[in-house]
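S.K.: Starting off with a structure, shown below.
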Amino acid sequence: MTEYEPVIGLEVHAQLMTKSKIFCGCSAEFGAAPNTRTCPVCLGMPGVLPVLNRTVVEFAVKMALATRCRINLMSNFARKNYFYPDLPKGYQISQYALPLAEKGYVDIETDAGEKRIGLIRIHIEEDAGKLVHDEHMPSSYVDLNRAGVPLIEIVGEPDIRSPEEAALYLRRLHETLVYLEICDGNMEEGSFRCDANISLRPKGREAFGTRAELKNLNSFRHVQRALEYEIKRQAYILESGGEVVQETRLWDDARGVTLSMRSKEEAHDYRYFPDPDLVALHVDEAWIQEVAATLPELPLEKRERFVREYGITPYDAGLLTMTRPLAAYYEEVVRACGKPRPAANWVKGDLLRLLNEDRADIRACPVSAASLGDMICLIEEGAISGKMAKDLIEEMYKTGKSPRTIIEEKGLVQITDEDALARVVDEVIAANPNQLAQYRGGKDKLFGYFVGQVMKATQGKANPQLVNDLLQKRLGP
Amino acid sequence: MELHQLTIHALRDKLRTGEVNAVAVTESVFRRIDAVEDRVHAYIALMRDEALRSAAEADRRIEAGDNEDLCGIPVALKDVLCTAGFRTTSGSRMLRDFVPPYDATAVEALKRAGAVFVGKANMDEFAMGSSTETSWFGVTRNPWDLGRTPGGSSGGAAAAVAADECIASLGSDTGGSIRQPAALCGVVGMKPTYGRVSRFGLIAFASSLDQIGPLTKDVEDCAIMMNAICAHDPKDSTSAKIDVPDYKTFLDRDISGWNVGIPKEYFAEGLDPDVLEAVKRAIGVIEDAGARCVEVTLPHTDYCVAVYCIVSTAEAGSNLARYDGIRYGYRAENVRDLLEVYEKSRSEGFGAEVKRRIMLGTYALSSGYYDAYYKKASQVRARIKEDFAKAFRRCDVILTPTSPTPAFLLGEKINDPLQMYLSDIYTISANLAGIPGISVPCGFSSGGLPIGVQFLAGPFDEGKLMQIAHAYERLAAIERRRPAL
């Protein structure tokens, strides 16, 4: 049986978070009542003309810089002609022959090590509107609020060899866009969309096989599942001596299959030509440098710095740099307590768990970074135990109060008085003669039992280190 | 003379001194319209009530000391120019009920200057035609001979000026649509440099060629209209950020010592002998004024019509895709599905010429044909532009006939698209090169039909055109006939 290798290239459409649309002054925000964010320009009325929003160019240049693309100092706009009710002008203004940026790359971390995925181009274009279908009537409605919202299309090289790599690549693009604060990354609302081209070839062969284009991939999971399905489908065809047809296929997530949407013969002829209503787009080197100077530290750089500067594991660094606000929060906690590693544990552990349970964002976290830092200091000082802190952080999260306030209110001070603790330890030993005998008989595990009993007797307030020391002394080796 | 027969500048002088008022001028124009419009049919719609209201407003402005040249002047607008709150059809069934919520920038400029809008002038459907016969709203007749066409596509705008149904008008010119009807109706018509006048609110035919311009009774009026409509417009990305001179300052100036280029390619086969005769006389007048006529060559002239056919139809096919029956405009009844909405609405909403051009344009851009047609045409277009740049190194302006023939008969060319396209043979090059051109009356044919001479200049040299056209008009002293309506 031949072993097949998938060849995958992804096209990502990312909505840019500019205030206004790309060619008119309408608000580009999501979610208003249908057709309320429209004007003659984005409705494609007769005689109106597009005027480019320069912020769109700035945002696109940021992504181009972040992905190491070469930026074309002159690019131009083209019309992509096709009919659809959500496309008011009967053409989409896009870039074709001369895109804004070309030949970049992103690096992903695969199990086999770092891998570079090339970018063919990044270009600017306008989004279309949306059709709303009436389930009870044979009619559809058109909402053009989205028509003219700015997009960048990021076209990747066919460098991806597995669904896992595809997902890693997408996550890398996604986090970069979100880091740059040019795209909100919301896949459900369609701010970040992906189409995939996939073909199979016998392992070791150079030439590509016939590809299918997959659409309707609305989440990272969809992308991965659809690609997995498509690999099986195409492999089955090839193994049974058939030929893969070049076509566009739609992912049906409910059924877990891809379905043919249109064949190559039915493919649109978009009749691209330069848009005569717009002039060439010029950007100059000095301005690109200005934009470059505003770029934030990108996820990969931040990750490397966290490992280097804070001595945390690459894995933890990855978790803590998932979003810019989370990384900023972590760094604030570190500044407050000076303890990077415990800070990493508390943030990625208890804090993220609490936030996840609430589906809350770090920016709305009731526990301030200063409070969390203070709590870590209290542990380090021995004022509270780690175990106490676990309850404390829950309380801090619930009430938003500072750790010291809660400790005071609840009298949660750790017992560090050695004499007092020694008395409790003696009582516990005296009360458990059976266990003592077993322990002495070689059952080492029972040491933990004694620790637990002491903690129980002190309602968790005992300093764990001290309890350990005292028990060691009393129980002997 | 009656008020509607006067020029803008003559009326302006009378309005300023208080000799007449704008309401009286407007009423005079509407009396004239009532008398001749059923024979000429220059208009798709009249704006009688609006006109009288704005005339009254203009009178208040004049009384308050307003000295805008256009304040209170009745002007017609080709129906390709959007007028807020007033139906704008582009001569098409597709837009027969379309009321734009915005004014074209040029319309807005005239409004600000105090112009009084008389009505929306008839035109070839979507400005596609050279005879105003493709209008969904019926043909316009040439005031000089009602059996003949006024030219097109701004035929209504030209006929209205010629028939004194307005004082001046605004048209649009994609391949000669202002200059050719101006020549055929015996009025002055100018196509400015591409980018000189904002295209915002001009219903697009071919975006890289379209330009708005005035049709007037004389060159001074042309300068006045140009002063009002030329400006940079942030709403049009192709609008030029170049200062606009006061075009009136180019009037009454000497042209002695000028070099006037005569392109030999424009005096070849197909030129009507009467037109040739009249243009030769014009050359004589120019020489008498002290200018030197020099032969220049525009070697790619033969390709102009072909390049125009490809570029204009390609852009038109795309520009007209928005008329899909979904959001506004004509929508067919009794359709079963989306495809039928498109097919029927567009089949029924567009006329034959528009459909012909959409098909040509779609073909020219199709996969596998793009390089041979659109790309090649764009390359030749660049050569045509170069031809002019080279020629203007040798001369100040170029002089040519405007149209190869005087007004042709209604129905004469409507079934022969190629013959129709050839009637723009001398005007198309200016659109392809993006340069300004003006047509000025230069006499009459043996059959008593007006003939026009065209002057062309380099980009943004409209001032030079005013200067030579005005000098010519003054010295030629063409007999001031009026059509016998």
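In the structure tokens, each chain is lettered A, B, ... as it comes, each chain's residues begin at 1, and ligands are numbered from 1 in order of appearance.
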With only C-alpha atoms counted and 6 Å as the cut-off, give the residues of chain A in contact with chain B, each with its shortest interatomic distance in Å and the pair that gives it, as a Markdown table.

M.R.:
```
| residue | atom | partner | partner_atom | distance |
| --- | --- | --- | --- | --- |
| A:Pro46 | CA | B:Ile203 | CA | 5.2 |
| A:Gly47 | CA | B:Ile203 | CA | 3.8 |
| A:Val48 | CA | B:Gly201 | CA | 5.4 |
| A:Val51 | CA | B:Ser237 | CA | 5.8 |
| A:Lys89 | CA | B:Arg322 | CA | 4.3 |
| A:Gly90 | CA | B:Ala321 | CA | 4.8 |
| A:Arg271 | CA | B:Leu365 | CA | 5.2 |
| A:Pro276 | CA | B:Ser208 | CA | 5.4 |
| A:Leu278 | CA | B:Ser237 | CA | 5.7 |
```

S.K.: At a cut-off of 7 Å, using only C-alpha atoms, what residues contact Tyr179 (chain A)? Leave out same-chain residues fewer than 4 positions from it and give the result as JSON, numbers by chain.

M.R.: {"A": [175, 298, 323, 324]}

S.K.: Quick one: residues within 7 Å of Met190 (chain B), only C-alpha atoms counted, chain neighbours fewer than 5 positions away excluded, as a count of residues only?

M.R.: 8

S.K.: So which residues touch Tyr4 (chain A) within 10 Å, counting only C-alpha atoms, skipping near sequence neighbours fewer than 4 positions away, as a CSV table (one decimal) with N, CA and C atoms, in the first residue's frame?

M.R.:
```
chain,number,residue,atom,x,y,z
A,199,SER,N,-4.0,18.4,-1.0
A,199,SER,CA,-3.9,17.3,-1.9
A,199,SER,C,-3.0,16.2,-1.3
A,200,LEU,N,-3.0,15.1,-1.9
A,200,LEU,CA,-2.1,14.0,-1.4
A,200,LEU,C,-1.1,13.7,-2.5
A,201,ARG,N,0.0,13.2,-2.1
A,201,ARG,CA,1.0,12.7,-3.1
A,201,ARG,C,1.7,11.5,-2.4
A,202,PRO,N,2.1,10.5,-3.2
A,202,PRO,CA,2.9,9.4,-2.6
A,202,PRO,C,4.1,9.9,-2.0
A,203,LYS,N,4.4,9.4,-0.8
A,203,LYS,CA,5.5,9.9,0.0
A,203,LYS,C,6.8,9.8,-0.9
A,204,GLY,N,7.6,10.9,-0.9
A,204,GLY,CA,8.8,10.9,-1.7
A,204,GLY,C,8.7,11.5,-3.0
A,205,ARG,N,7.4,11.7,-3.5
A,205,ARG,CA,7.3,12.3,-4.8
A,205,ARG,C,7.2,13.8,-4.7
A,231,ILE,N,-8.1,13.8,4.1
A,231,ILE,CA,-6.9,13.0,3.8
A,231,ILE,C,-7.4,11.5,3.6
A,232,LYS,N,-8.4,11.1,4.5
A,232,LYS,CA,-8.9,9.8,4.3
A,232,LYS,C,-9.7,9.6,3.0
A,234,GLN,N,-9.4,11.3,0.2
A,234,GLN,CA,-8.5,11.4,-1.0
A,234,GLN,C,-7.7,10.1,-1.1
A,235,ALA,N,-7.2,9.6,0.1
A,235,ALA,CA,-6.4,8.4,0.1
A,235,ALA,C,-7.2,7.2,-0.4
A,238,LEU,N,-7.5,7.5,-4.2
A,238,LEU,CA,-6.3,7.1,-4.9
A,238,LEU,C,-6.0,5.6,-4.8
A,239,GLU,N,-6.2,5.1,-3.6
A,239,GLU,CA,-5.9,3.6,-3.4
A,239,GLU,C,-6.8,2.8,-4.3
```

S.K.: Hey, can you check how far CA of His123 (chain A) sits from CA of Leu65 (chain A)?

M.R.: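 The value is 12.9 Å.
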
S.K.: Excluding Glu265 (chain B) and any residue of its chain fewer than 3 positions from it, enumerate the residues within 8 Å of it, using only C-alpha atoms, and give them as a ChimeraX atom specification.

M.R.: /B:268,297-299,301

S.K.: Find the residues around Gly129 (chain B) up to 10 Å (only C-alpha atoms counted), leave out those fewer than 4 positions away in its own chain, and share them as a PDB file with N, CA and C atoms, in the first residue's frame.

M.R.:
```pdb
ATOM      1  N   MET B 123     -30.338  61.212 -22.640  1.00  0.00           N
ATOM      2  CA  MET B 123     -29.002  60.687 -22.927  1.00  0.00           C
ATOM      3  C   MET B 123     -29.132  59.259 -23.427  1.00  0.00           C
ATOM      4  N   ASP B 124     -28.083  58.787 -24.079  1.00  0.00           N
ATOM      5  CA  ASP B 124     -28.047  57.370 -24.400  1.00  0.00           C
ATOM      6  C   ASP B 124     -28.008  56.593 -23.100  1.00  0.00           C
ATOM      7  N   GLU B 125     -28.608  55.412 -23.105  1.00  0.00           N
ATOM      8  CA  GLU B 125     -28.680  54.604 -21.904  1.00  0.00           C
ATOM      9  C   GLU B 125     -27.273  54.372 -21.326  1.00  0.00           C
ATOM     10  N   GLU B 133     -30.160  57.785 -29.098  1.00  0.00           N
ATOM     11  CA  GLU B 133     -31.256  56.911 -29.529  1.00  0.00           C
ATOM     12  C   GLU B 133     -31.426  55.692 -28.632  1.00  0.00           C
ATOM     13  N   THR B 134     -30.412  55.401 -27.781  1.00  0.00           N
ATOM     14  CA  THR B 134     -30.541  54.198 -26.951  1.00  0.00           C
ATOM     15  C   THR B 134     -31.232  54.501 -25.623  1.00  0.00           C
ATOM     16  N   SER B 135     -31.679  55.743 -25.439  1.00  0.00           N
ATOM     17  CA  SER B 135     -32.387  56.094 -24.202  1.00  0.00           C
ATOM     18  C   SER B 135     -33.684  55.298 -24.088  1.00  0.00           C
ATOM     19  N   GLY B 151     -26.610  63.892 -31.711  1.00  0.00           N
ATOM     20  CA  GLY B 151     -25.372  63.283 -31.239  1.00  0.00           C
ATOM     21  C   GLY B 151     -25.597  62.706 -29.857  1.00  0.00           C
ATOM     22  N   GLY B 152     -24.529  62.210 -29.279  1.00  0.00           N
ATOM     23  CA  GLY B 152     -24.701  61.623 -27.952  1.00  0.00           C
ATOM     24  C   GLY B 152     -23.360  61.252 -27.360  1.00  0.00           C
ATOM     25  N   SER B 153     -23.343  60.824 -26.152  1.00  0.00           N
ATOM     26  CA  SER B 153     -24.535  60.482 -25.404  1.00  0.00           C
ATOM     27  C   SER B 153     -25.199  61.678 -24.714  1.00  0.00           C
ATOM     28  N   SER B 154     -24.515  62.837 -24.626  1.00  0.00           N
ATOM     29  CA  SER B 154     -25.135  63.989 -23.958  1.00  0.00           C
ATOM     30  C   SER B 154     -26.028  64.751 -24.935  1.00  0.00           C
ATOM     31  N   GLY B 155     -26.807  64.018 -25.734  1.00  0.00           N
ATOM     32  CA  GLY B 155     -27.624  64.646 -26.766  1.00  0.00           C
ATOM     33  C   GLY B 155     -28.675  65.592 -26.204  1.00  0.00           C
ATOM     34  N   GLY B 175     -16.125  59.116 -24.434  1.00  0.00           N
ATOM     35  CA  GLY B 175     -15.388  58.933 -25.685  1.00  0.00           C
ATOM     36  C   GLY B 175     -15.701  60.051 -26.655  1.00  0.00           C
ATOM     37  N   GLY B 176     -16.330  61.102 -26.135  1.00  0.00           N
ATOM     38  CA  GLY B 176     -16.712  62.224 -26.992  1.00  0.00           C
ATOM     39  C   GLY B 176     -18.131  62.678 -26.717  1.00  0.00           C
ATOM     40  N   SER B 177     -18.731  62.142 -25.674  1.00  0.00           N
ATOM     41  CA  SER B 177     -20.152  62.355 -25.388  1.00  0.00           C
ATOM     42  C   SER B 177     -20.560  63.789 -25.070  1.00  0.00           C
ATOM     43  N   GLU B 353     -27.997  47.970 -26.621  1.00  0.00           N
ATOM     44  CA  GLU B 353     -26.630  48.470 -26.718  1.00  0.00           C
ATOM     45  C   GLU B 353     -25.861  48.224 -25.417  1.00  0.00           C
ATOM     46  N   VAL B 354     -26.536  48.447 -24.295  1.00  0.00           N
ATOM     47  CA  VAL B 354     -25.897  48.218 -23.003  1.00  0.00           C
ATOM     48  C   VAL B 354     -25.528  46.746 -22.861  1.00  0.00           C
ATOM     49  N   ILE B 414     -28.151  53.377 -36.053  1.00  0.00           N
ATOM     50  CA  ILE B 414     -28.493  52.673 -34.819  1.00  0.00           C
ATOM     51  C   ILE B 414     -28.355  51.156 -34.963  1.00  0.00           C
ATOM     52  N   PRO B 417     -23.533  49.222 -35.202  1.00  0.00           N
ATOM     53  CA  PRO B 417     -22.731  49.687 -34.066  1.00  0.00           C
ATOM     54  C   PRO B 417     -21.366  50.217 -34.489  1.00  0.00           C
ATOM     55  N   MET B 420     -21.560  53.624 -35.772  1.00  0.00           N
ATOM     56  CA  MET B 420     -21.874  54.512 -34.649  1.00  0.00           C
ATOM     57  C   MET B 420     -20.601  54.795 -33.848  1.00  0.00           C
ATOM     58  N   TYR B 421     -19.815  53.740 -33.568  1.00  0.00           N
ATOM     59  CA  TYR B 421     -18.589  53.943 -32.785  1.00  0.00           C
ATOM     60  C   TYR B 421     -17.626  54.874 -33.531  1.00  0.00           C
ATOM     61  N   SER B 423     -18.251  57.421 -35.189  1.00  0.00           N
ATOM     62  CA  SER B 423     -18.576  58.846 -35.127  1.00  0.00           C
ATOM     63  C   SER B 423     -17.820  59.536 -33.980  1.00  0.00           C
ATOM     64  N   ASP B 424     -17.185  58.730 -33.143  1.00  0.00           N
ATOM     65  CA  ASP B 424     -16.374  59.293 -32.048  1.00  0.00           C
ATOM     66  C   ASP B 424     -14.882  59.214 -32.353  1.00  0.00           C
TER      67      ASP B 424
END
```
